[in-house]
Structures are given as C-alpha cells and as structure tokens.
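Data first, discussion second: the structure below is written as structure tokens.
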Amino acid sequence: MKRVGGITAGFLLLLGLAGMALYFPAALPTNSDFSALHNTTLALVRRIPIYDLNAVREWVQPLSGVPDEHFFLARFPYPPWYALATFYLGFLPAASAATLWFELNLVMLFASVWFLTDGWNGRLRLIAFPFALLFLPVLGALSVGQYDFPVLLGTSLILFGLKKENVLSVASGATLTTFKPHVGGLIFLFLLIWLFIKQNDFSKQSLKYIFGALLALCLLGFLADVDWMRGYLNLLLNYQNEGNVTACSECMSFPMLISRWFFDGSLRTAIFGAVTLLSLSSVFCYFKRASFLKSPAVFITAALIATLWINPYFYNYDFLLLLILFAFVIENSAGKFTNGAVIFAFLTPYFAIGVYGRAGNISLLLITLLLTVIFYKQVKASG
C-alpha cells in the first residue's frame, strides 16, 4: 500500500512540475548540454530510433530554427533507459522542457541530501540543503542541464539502503548509477563487490533485484531503438573521435593534468594515466583492505573517491559528487579542524574560479585531495 502511495505521489509531483514548467518557463539556456537530452526525447516520442543520428537530425533540425549548415546535433552518449525515463520532455517546447528538467534535478538534489543526512541532528540537516544547492559544481550542473543528478541520487540511495538493509533502495540506487555509466560505473562495480563479499540474505536479495532491474532496462531499451545495442556502441566509439572529446580541453581531472603537464595533453594519454592511478590505488587498497571493508559507507565512498581521482573524462560540474564525500566527512567529524576544512573546501572554488576563471577549476582537484586526506584519516582513526 505504501509503495502504491509513493508511486502516486511521485506521479502527481511530476504532473505539478510539468504544469509549472509549461506555464512558467524559466529563462534557461536550451542550446546547452540539455539540448542533447531534449533532441533525443523529441525523437523518442515520434518513434525515431534515438541512436540513428541522421534520422534524429532530420527531424529536430527544422524544429530548432537554426539553418542546416549551422545546426549541431549534440550527441546523447547515455543508455536508452535515460531517454525513456525522461520521454515526457519530448512533448514540451524547449523552454518548458529545460525548466522541467531543472526542477527534476532540484528534486533529485534535495532527495539526495535527505538520504545522505539520515540520522543527523535537525539543525545540521537543515543547513545541508542550502549547502548542497550553493556548492559551485551543483550550480553549474543545474544551469546547463547536466546529467549527473541521477548518479548522485543513486549513490545516496545505495548508502541509505546499505545502512538500513533496504533492498529496494539499494537496487534503485544501483539502477540510477547506470544512467551516466562513465561516472557511476565504478560505484556500481564496488556495490556488486560488496554484496558478493557479504553473501547474506540481504546481499543475495539485493543482487537478485539489481540484475533483474538491469535485464528489464536492457529489454525496455528496445522501445527506444530496436538496434540500440549496436547503435549505442557505435555512438560511443565515434563520440571519442570528436575533436572536443579527443582534446578534452575543458576536462578537469588528475589524469588530464598529468597528460597536459608531461605529455601531449590528449584524452588518450590521460587514459593511460588513469590506468596507472587505478593500478597504484588498487595496490594501496589491497594492503589497507581491512580499513576499507569495515563498513559499506567507507567502501562505497572509497569508490566515489576513486572515480574522482581516476576518471579522465571529468568536467567541473561532475564534481557535484563531492557532496557525498562532504557528507561522510561531516558525519564523522571530530573537531574544529575538520569543520574549518569543510568550509574552506566549500568556498575555495568560488574564489579560484571568480578570480582566475576557467583556470580556477583546478581548485576542485585541490579540495578533492583535501577531503580525501580527511576521509582516510577518519577511516584510520576509527580503527
């Protein structure tokens, strides 16, 4: 009965947000990152295979009002169930669709904070909501309509579900991490490893639900494109050959810094750097496995940290996942130094990007390093 009530409430919330977006569209950019999702859903609701780029372009270009020679079809390098979960955007004008997507991202953000702060005292939990909203990568992701929020919500649900031993939360969270695979993939993999290691009734049930959900998603994918497996793979392979992706000029990650400082600055070289970092961190984690296996919160947060350190194709808005690391550090804080470090980490990107512009994005890597050190000290101190 509760599940039916939850589904009904979610449906009514979606209708309410859609109504607000339709009648009060915000002045959000529609030709930004969001355009990839909107163009894909426009094709989806008209039963055009979403990975047939020529067919999608032929349909959406006249709707854009942009001359054919100047029209750029932004790629949608995400699995088909992402488009299926947002198909209703294809029924709305661009401005209304962008507004609705903004609203949905806000809902996912605040739901994530709710799950991450479960058990916190009331005042601290209340502060967490504006803290999350005002974190600079979050504002950036909201403004361009980025796609990280399902991964943020999914990871938060996983942590909540593992703490409460709630199978539905764990399975739902695992499903959401697959929406942006190159960001959520390592978290998903670490979750499976944890569940396989535990081998209790809860973990077995969770694995059954997760693999059942994945199978269902793969089958549903054929509704979006009957040839989605081949089309999606081809899109990913061709996507890597696009100029902006190959150069990754706006990427901000540790492997890309290694590539720029010491090699040719390409994404291909950064991938080798990522493999090196992964190998070194794997060796470190092997020798420290007793510490990282002490709790699911530590293990999954370690997966998040590995993603932040290793993933070469990372943009400034992807660092919104630091909210999960912030939550862990704050929850396990034991003194004023940690609290001061959290405030410093929160404010530093404002100063660095405000003064140095895009060059200030490196501050996101520096605060990742700071929070990682605090995380490790907290894990070590807890025995």
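So you can find residues: chains in the structure tokens are A, B, ... in the order shown, residues in each start at 1, and ligands are numbered from 1 in order.
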* **Neighbour list for range 115-120 of chain A as a ChimeraX atom specification, cut-off 8 Å, only C-alpha atoms, skip fewer than 2 positions in-chain** => /A:111-113,122,124-125,128,156-157,159-160,324,327,331
* May I have the residues within 8 Å of range 216-222 of chain A as number ranges by chain, using only C-alpha atoms and disregarding those fewer than 6 positions away in the same chain? => A: 79-81, 84, 228
* If you run DSSP over the backbone, which residues in range 49-272 of chain A end up alpha helix (DSSP H)? Put them as a PyMOL selection string. => chain A and resi 53-64+80-85+94-116+122-134+136-144+149-164+167-177+181-198+201-224+228-239+243-247+254-262+267-272
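Distance check against Val144 in chain A using only C-alpha atoms: of A:Ser295, A:Asn54, A:Ser279, A:Ser32, the minimum falls on A:Ser32.
Remark: for Ile187 in chain A, the closest of the candidate residues A:Leu321, A:Ala303, A:Ala290, A:Val107 is A:Ala303 (distances computed over only C-alpha atoms).
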* Who sits within 9 Å of Leu322 in chain A, only C-alpha atoms, same chain under 2 positions skipped, as a ChimeraX atom specification -> /A:304-305,308,318-320,324-327,368,371
Can I get the selection written as a short mmCIF file (atom, residue, chain, number, x, y, z; two decimals), in the first residue's frame, with all heavy atoms?
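That gives us selection32.cif:
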data_model
loop_
_atom_site.label_atom_id
_atom_site.label_comp_id
_atom_site.auth_asym_id
_atom_site.auth_seq_id
_atom_site.Cartn_x
_atom_site.Cartn_y
_atom_site.Cartn_z
N LEU A 304 33.63 6.24 -4.74
CA LEU A 304 33.41 7.61 -5.21
C LEU A 304 34.74 8.36 -5.34
O LEU A 304 34.99 9.03 -6.34
CB LEU A 304 32.48 8.34 -4.25
CG LEU A 304 32.38 9.85 -4.46
CD1 LEU A 304 31.54 10.16 -5.69
CD2 LEU A 304 31.81 10.55 -3.24
N ILE A 305 35.58 8.23 -4.32
CA ILE A 305 36.88 8.91 -4.35
C ILE A 305 37.72 8.40 -5.52
O ILE A 305 38.38 9.18 -6.21
CB ILE A 305 37.62 8.70 -3.01
CG1 ILE A 305 36.89 9.45 -1.90
CG2 ILE A 305 39.07 9.17 -3.10
CD1 ILE A 305 37.41 9.17 -0.51
N LEU A 308 36.58 10.11 -8.60
CA LEU A 308 37.04 11.50 -8.65
C LEU A 308 38.52 11.59 -9.02
O LEU A 308 38.95 12.53 -9.70
CB LEU A 308 36.81 12.18 -7.30
CG LEU A 308 35.34 12.37 -6.88
CD1 LEU A 308 35.27 12.77 -5.41
CD2 LEU A 308 34.66 13.40 -7.74
N ASP A 318 30.86 17.72 -12.83
CA ASP A 318 30.86 16.36 -12.32
C ASP A 318 31.29 16.30 -10.86
O ASP A 318 31.00 15.33 -10.15
CB ASP A 318 31.78 15.46 -13.16
CG ASP A 318 31.25 15.23 -14.57
OD1 ASP A 318 30.03 15.02 -14.71
OD2 ASP A 318 32.04 15.25 -15.52
N PHE A 319 31.99 17.35 -10.40
CA PHE A 319 32.46 17.37 -9.02
C PHE A 319 31.32 17.61 -8.03
O PHE A 319 31.57 17.66 -6.83
CB PHE A 319 33.54 18.43 -8.84
CG PHE A 319 34.88 18.00 -9.37
CD1 PHE A 319 35.26 18.28 -10.67
CD2 PHE A 319 35.76 17.28 -8.57
CE1 PHE A 319 36.49 17.88 -11.17
CE2 PHE A 319 36.99 16.86 -9.06
CZ PHE A 319 37.36 17.16 -10.36
N LEU A 320 30.10 17.72 -8.52
CA LEU A 320 28.98 17.78 -7.58
C LEU A 320 28.89 16.51 -6.74
O LEU A 320 28.31 16.50 -5.65
CB LEU A 320 27.66 18.05 -8.31
CG LEU A 320 27.07 17.00 -9.27
CD1 LEU A 320 26.24 15.95 -8.53
CD2 LEU A 320 26.19 17.68 -10.31
N ILE A 324 28.78 13.84 -1.63
CA ILE A 324 28.77 12.57 -0.88
C ILE A 324 29.97 12.49 0.04
O ILE A 324 29.87 12.06 1.20
CB ILE A 324 28.73 11.39 -1.86
CG1 ILE A 324 27.42 11.43 -2.66
CG2 ILE A 324 28.87 10.06 -1.12
CD1 ILE A 324 27.43 10.58 -3.89
N LEU A 325 31.12 12.92 -0.45
CA LEU A 325 32.33 12.93 0.38
C LEU A 325 32.21 13.97 1.50
O LEU A 325 32.62 13.72 2.64
CB LEU A 325 33.55 13.20 -0.50
CG LEU A 325 34.93 13.12 0.17
CD1 LEU A 325 35.11 11.82 0.94
CD2 LEU A 325 36.03 13.27 -0.89
N PHE A 326 31.63 15.12 1.17
CA PHE A 326 31.36 16.12 2.21
C PHE A 326 30.50 15.50 3.32
O PHE A 326 30.78 15.71 4.51
CB PHE A 326 30.61 17.31 1.60
CG PHE A 326 31.49 18.41 1.07
CD1 PHE A 326 31.45 18.77 -0.26
CD2 PHE A 326 32.34 19.12 1.92
CE1 PHE A 326 32.24 19.79 -0.76
CE2 PHE A 326 33.13 20.15 1.42
CZ PHE A 326 33.09 20.49 0.08
N ALA A 327 29.44 14.79 2.93
CA ALA A 327 28.53 14.21 3.91
C ALA A 327 29.26 13.22 4.82
O ALA A 327 29.05 13.21 6.04
CB ALA A 327 27.36 13.52 3.19
N THR A 368 39.36 18.12 -3.60
CA THR A 368 39.20 16.66 -3.62
C THR A 368 40.34 16.00 -2.86
O THR A 368 40.13 15.06 -2.07
CB THR A 368 39.16 16.14 -5.07
OG1 THR A 368 38.05 16.72 -5.75
CG2 THR A 368 39.03 14.62 -5.10
N LEU A 371 39.82 16.66 0.97
CA LEU A 371 38.76 15.83 1.55
C LEU A 371 39.15 14.35 1.56
O LEU A 371 38.74 13.60 2.45
CB LEU A 371 37.45 16.03 0.77
CG LEU A 371 36.83 17.42 0.90
CD1 LEU A 371 35.63 17.56 -0.05
CD2 LEU A 371 36.38 17.70 2.33
#
* Phe135 in chain A: which residues within 9 Å, counting only C-alpha atoms, same-chain residues fewer than 4 positions away excluded, as a VMD selection string? -> chain A and resid 130 to 131 139 to 140 320 323 346 to 347 349 to 350
* Hey, which of A:Leu53, A:Ile300, A:Val151, A:Ala132 ends up closest to Asn234 in chain A? Count only C-alpha atoms. -> A:Leu53
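For the set A:His182, A:Lys164, A:Arg46, A:His70, the residue with the smallest atom-to-atom gap to Ile310 in chain A is A:His182, counting only C-alpha atoms.
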* To do: Provide the CA of Ser382 in chain A to CA of Ser291 in chain A distance in Å, to one decimal place.
  =>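 Straight-line distance from CA of Ser382 in chain A to CA of Ser291 in chain A works out to 8.8 Å.
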* **Selection near Phe190 in chain A, 9 Å with only C-alpha atoms, sequence-local residues under 2 positions removed, as a list in words** =>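 The neighbour list is Gly185, Leu186, Ile187, Phe188, Leu192, Ile193, Trp194, Leu195, Phe299, Ile300, Ala302 and Ala303 of chain A.
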Go ahead and dump the residues you just picked, C-alpha atoms, as a compact mmCIF listing (two decimals), in the first residue's frame.
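The resulting file, out_23.txt, is reproduced below:
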# COMPACT_ATOMS: atom_id res chain seq x y z
CA GLY A 185 30.19 2.70 -13.21
CA LEU A 186 32.88 2.29 -10.55
CA ILE A 187 30.37 2.90 -7.75
CA PHE A 188 28.10 0.26 -9.29
CA LEU A 192 28.42 -5.55 -6.53
CA ILE A 193 31.78 -6.48 -4.97
CA TRP A 194 30.49 -5.57 -1.50
CA LEU A 195 27.31 -7.60 -1.96
CA PHE A 299 33.65 1.09 0.84
CA ILE A 300 31.18 2.95 -1.39
CA ALA A 302 36.08 4.92 -1.46
CA ALA A 303 34.56 4.02 -4.85
